[in-house]
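*Asks:* If you scroll down you'll find the structure; I have some questions about it.
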Amino acid sequence: NMNLNPLSLPILSDLENLFIRKNLQHTQPEWDFPEGKKILYIIKRTEVCGGVETRLLQYARELAKHHCNVLFVTDKNKFPALKKFRCLHLNFHAGNFESTLIDLIKRYRIDIAELHIKGKRNLHLLDARRIKEHCRFGCCVHSNIPSLDPERLNEMDYRIFISDRLNQIDYSRLKSYHVLPIAITGQTPCWKWNGQRRALLISRIRYDKCKQIESFVEYCKTKDIPFHIAGATGNSRIARKLIKRLSLQPEHFIGRIDNTPEFLTAHADEYLFVAGVGQVILEAGSLGYPCFLCSDLGPAYSTFVTRQNIAQGFFRRNFTLAFRPKDNSFRPVTDFLPEEAGNYDLSAFMYEHYNIDNRFKQYKENILEMPAPASGESHKG
């Protein structure tokens with residue numbers, strides 16, 4: 001295979017981590033940590049943007065405000081904002097990944113290590129019992145992952161889920177868990193109806209998002225609404241395939257948005273509504289925009305989010321609609337009615353239920369202030 005990454009070979013992967021460990025011991029200046037707990041976030045890969053990345057950044061900033069020291073260990077970090085914090089690279093595929101990580105935990109005297117899980121394989125990267133000899137060890141599960149082993153989760157000191165309605169997770173087999181859905185920082189509502197015509201979809205342009213993108217495009221074409229798609233330029237590989245399959249133009253793609261609230265505030269007079277899922281709905285809704293939730297089930301399930309259908313609880317706790325509601329009461333809202341603009345204004349609801357201050361308070365009480373280990377269980381140093 002001519003495209004094989006040499007560092008994916010086991011012996012070279014191990015050598016990479018050995019080099020990193022040696023480099024830290026002899027050439028990396030000692031970091032001067034202020035007083036406060038040291039929190040290590042372990043995540044195999046971050047993207048240039050996304051809901052998981054936004055969440056990591058939010059919590060890192062809150063931890064810093066509360067006089068905690070945040071470190072990240074990644075195999076590949078593509079999220080620029082995280083680089084403002086202390087970031088370390090390790091090869092997660094190496095046979096010595098765990099021993100190298102433990103060496104870092106001991107070297108920097110980490111108090112809490114938290115594994116961020118986006119796929120089933122992530123759970124099997126580490127032996128919880130070995131990590132717990134040196135610090136508190138927990139995890140945060142970011143998606144609906146099938147066949148996630150509850151016994152391995154139970155070996156950790158704590159478990160965080162973004163929702164208590166992930167239908168692939170067997171919550172009944174877990175010792176205990178905390179539910180901390182996505183969140184927003186405080187935003188000032190800026191959108192008002194003034195005859196805007198164009199719609200905007202904000203999404204990563206990836207194969208697993210194609211059904212949502214198709215739902216949005218089909219809706220806009222059916223309603224004769226001009227639209228933009230943010231997330232990539234028309235020259236990207238997946239965008240070119242979508243252009244061909246959905247009869248789009250390169251001009252429909254306006255590139256990546258690095259700061260969603262900032263962009264939407266600057267373009268409030270241009271866009272009629274914002275479409276997407278998850279964090280996009282949260283951020284746009286907090287600014288007062290009408291929000292169109294793109295369902296993985298297709299255009300027939302895609303809907304505007306209103307005060308009424310939020311109250312009915314169809315969108316789980318993270319504003320997705322990937323599974324058919326069990327009853328037949330769900331009726332998608334398929335039109336924006338200017339005379340009822342207030343019904344689409346979710347800003348007060350978003351701030352009340354999803355602000356990061358309240359979310360971090362839960363994290364602080366349940367994770368940061370977790371009681372010390374019982375006698376005989378204290379971590380080694």
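Note on naming: chains are A, B, ... as they come in the structure tokens, residues start from 1 per chain, ligands start from 1 in the order shown.
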Could you go through segment 78-284 of chain A and tell me which residues DSSP, when run on the backbone, assigns to strand (DSSP E or B), listing them as an NGL selection string?

*Replies:* :A and (86-89 or 112-117 or 136-141 or 158-161 or 178-179 or 184 or 198-202 or 227-230 or 232-233 or 253-255 or 271-276)

*Asks:* Set the distance at 9 Å and use only C-alpha atoms: which residues neighbour Asp111 of chain A once local chain neighbours fewer than 4 positions away are removed? I'd like the list as a ChimeraX atom specification.

*Replies:* /A:37-40,105,134-137,379

*Asks:* Would you pick out the contacts of Phe253 of chain A at 12 Å or less, using only C-alpha atoms, so that residues sharing its chain but fewer than 4 positions from it are not included, and give the list as an mmCIF file with N, CA, C and O atoms, in the first residue's frame?

*Replies:*
```cif
data_model
loop_
_atom_site.group_PDB
_atom_site.id
_atom_site.type_symbol
_atom_site.label_atom_id
_atom_site.label_comp_id
_atom_site.auth_asym_id
_atom_site.auth_seq_id
_atom_site.Cartn_x
_atom_site.Cartn_y
_atom_site.Cartn_z
ATOM 1 N N LEU A 200 -29.402 29.261 5.563
ATOM 2 C CA LEU A 200 -28.005 28.885 5.771
ATOM 3 C C LEU A 200 -27.931 27.559 6.514
ATOM 4 O O LEU A 200 -28.516 27.414 7.594
ATOM 5 N N LEU A 201 -27.231 26.600 5.931
ATOM 6 C CA LEU A 201 -26.919 25.346 6.625
ATOM 7 C C LEU A 201 -25.480 25.414 7.112
ATOM 8 O O LEU A 201 -24.565 25.746 6.348
ATOM 9 N N ILE A 202 -25.260 25.092 8.384
ATOM 10 C CA ILE A 202 -23.916 25.027 8.946
ATOM 11 C C ILE A 202 -23.666 23.585 9.373
ATOM 12 O O ILE A 202 -24.393 23.035 10.209
ATOM 13 N N SER A 203 -22.664 22.973 8.759
ATOM 14 C CA SER A 203 -22.399 21.568 9.033
ATOM 15 C C SER A 203 -20.987 21.218 8.594
ATOM 16 O O SER A 203 -20.441 21.840 7.686
ATOM 17 N N ARG A 204 -20.402 20.209 9.238
ATOM 18 C CA ARG A 204 -19.202 19.628 8.659
ATOM 19 C C ARG A 204 -19.612 18.896 7.388
ATOM 20 O O ARG A 204 -20.631 18.212 7.356
ATOM 21 N N ILE A 205 -18.854 19.050 6.330
ATOM 22 C CA ILE A 205 -19.187 18.405 5.059
ATOM 23 C C ILE A 205 -18.480 17.060 5.033
ATOM 24 O O ILE A 205 -17.347 16.920 4.576
ATOM 25 N N ILE A 213 -27.667 17.097 4.913
ATOM 26 C CA ILE A 213 -27.480 18.089 3.852
ATOM 27 C C ILE A 213 -28.535 17.913 2.765
ATOM 28 O O ILE A 213 -29.126 18.890 2.293
ATOM 29 N N VAL A 217 -31.272 20.705 1.417
ATOM 30 C CA VAL A 217 -31.327 21.123 0.009
ATOM 31 C C VAL A 217 -32.699 20.832 -0.586
ATOM 32 O O VAL A 217 -33.284 21.678 -1.277
ATOM 33 N N PHE A 227 -30.200 29.482 -0.886
ATOM 34 C CA PHE A 227 -29.508 28.982 0.302
ATOM 35 C C PHE A 227 -27.998 28.977 0.117
ATOM 36 O O PHE A 227 -27.474 28.992 -1.010
ATOM 37 N N HIS A 228 -27.314 28.958 1.260
ATOM 38 C CA HIS A 228 -25.874 28.753 1.345
ATOM 39 C C HIS A 228 -25.607 27.542 2.237
ATOM 40 O O HIS A 228 -26.401 27.236 3.139
ATOM 41 N N ILE A 229 -24.466 26.895 1.993
ATOM 42 C CA ILE A 229 -24.011 25.780 2.832
ATOM 43 C C ILE A 229 -22.618 26.135 3.349
ATOM 44 O O ILE A 229 -21.693 26.344 2.564
ATOM 45 N N ALA A 230 -22.494 26.240 4.660
ATOM 46 C CA ALA A 230 -21.206 26.560 5.276
ATOM 47 C C ALA A 230 -20.588 25.284 5.835
ATOM 48 O O ALA A 230 -21.279 24.470 6.436
ATOM 49 N N GLY A 231 -19.296 25.127 5.625
ATOM 50 C CA GLY A 231 -18.589 23.949 6.126
ATOM 51 C C GLY A 231 -17.448 23.541 5.226
ATOM 52 O O GLY A 231 -16.532 22.841 5.633
ATOM 53 N N ALA A 232 -17.519 23.969 3.956
ATOM 54 C CA ALA A 232 -16.459 23.666 2.992
ATOM 55 C C ALA A 232 -16.671 24.544 1.774
ATOM 56 O O ALA A 232 -17.745 25.127 1.577
ATOM 57 N N THR A 233 -15.653 24.649 0.965
ATOM 58 C CA THR A 233 -15.803 25.336 -0.316
ATOM 59 C C THR A 233 -16.316 24.331 -1.348
ATOM 60 O O THR A 233 -16.312 23.117 -1.122
ATOM 61 N N GLY A 234 -16.737 24.848 -2.498
ATOM 62 C CA GLY A 234 -17.229 23.978 -3.558
ATOM 63 C C GLY A 234 -16.153 23.122 -4.184
ATOM 64 O O GLY A 234 -16.464 22.219 -4.981
ATOM 65 N N ASN A 235 -14.892 23.369 -3.841
ATOM 66 C CA ASN A 235 -13.796 22.590 -4.411
ATOM 67 C C ASN A 235 -13.447 21.354 -3.586
ATOM 68 O O ASN A 235 -12.636 20.537 -4.020
ATOM 69 N N SER A 236 -14.022 21.220 -2.401
ATOM 70 C CA SER A 236 -13.699 20.057 -1.580
ATOM 71 C C SER A 236 -14.260 18.786 -2.218
ATOM 72 O O SER A 236 -15.233 18.827 -2.972
ATOM 73 N N ILE A 238 -15.946 16.078 -1.102
ATOM 74 C CA ILE A 238 -17.335 15.692 -0.829
ATOM 75 C C ILE A 238 -18.287 16.721 -1.410
ATOM 76 O O ILE A 238 -19.356 16.371 -1.922
ATOM 77 N N ALA A 239 -17.909 18.007 -1.359
ATOM 78 C CA ALA A 239 -18.761 19.043 -1.939
ATOM 79 C C ALA A 239 -18.955 18.814 -3.436
ATOM 80 O O ALA A 239 -20.061 18.977 -3.967
ATOM 81 N N ARG A 240 -17.887 18.417 -4.119
ATOM 82 C CA ARG A 240 -18.016 18.160 -5.559
ATOM 83 C C ARG A 240 -18.996 17.021 -5.830
ATOM 84 O O ARG A 240 -19.779 17.071 -6.792
ATOM 85 N N LEU A 242 -21.527 16.202 -3.852
ATOM 86 C CA LEU A 242 -22.860 16.721 -3.551
ATOM 87 C C LEU A 242 -23.363 17.631 -4.665
ATOM 88 O O LEU A 242 -24.555 17.618 -4.996
ATOM 89 N N ILE A 243 -22.467 18.425 -5.245
ATOM 90 C CA ILE A 243 -22.841 19.297 -6.359
ATOM 91 C C ILE A 243 -23.399 18.467 -7.511
ATOM 92 O O ILE A 243 -24.432 18.812 -8.108
ATOM 93 N N LEU A 248 -26.233 21.081 -7.518
ATOM 94 C CA LEU A 248 -25.883 22.338 -6.873
ATOM 95 C C LEU A 248 -24.845 23.077 -7.709
ATOM 96 O O LEU A 248 -24.361 22.592 -8.720
ATOM 97 N N GLN A 249 -24.511 24.279 -7.248
ATOM 98 C CA GLN A 249 -23.453 25.084 -7.851
ATOM 99 C C GLN A 249 -22.352 25.290 -6.812
ATOM 100 O O GLN A 249 -22.635 25.331 -5.602
ATOM 101 N N ILE A 257 -16.963 28.113 8.681
ATOM 102 C CA ILE A 257 -17.169 29.190 9.650
ATOM 103 C C ILE A 257 -16.419 28.817 10.918
ATOM 104 O O ILE A 257 -16.707 27.796 11.545
#
```

*Asks:* Name the closest residue to Phe79 of chain A among the candidates A:Gln58, A:Asn318, A:Thr46, A:Ser99; distances are taken between atoms, counting only C-alpha atoms.

*Replies:*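 The shortest atom-to-atom distance to Phe79 of chain A comes from A:Thr46.
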
*Asks:* Could you tell me which of A:Ser172, A:Leu337, A:Ala60, A:Asp296 comes closest to Lys83 of chain A if we count only C-alpha atoms?

*Replies:*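 Ranking A:Ser172, A:Leu337, A:Ala60, A:Asp296 by distance to Lys83 of chain A, first place goes to A:Ala60.
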
*Asks:* At a cut-off of 8 Å, using only C-alpha atoms, what residues contact Ser295 of chain A? Leave out same-chain residues fewer than 4 positions from it and give the result as a ChimeraX atom specification.

*Replies:* /A:211-212,215,299,301-303,320-322

*Asks:* Rounded to one decimal place, report the atom CA of Leu148 of chain A-atom CA of Asp127 of chain A distance in Å.

*Replies:*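 Answer for the atom CA of Leu148 of chain A to atom CA of Asp127 of chain A separation: 15.2 Å.
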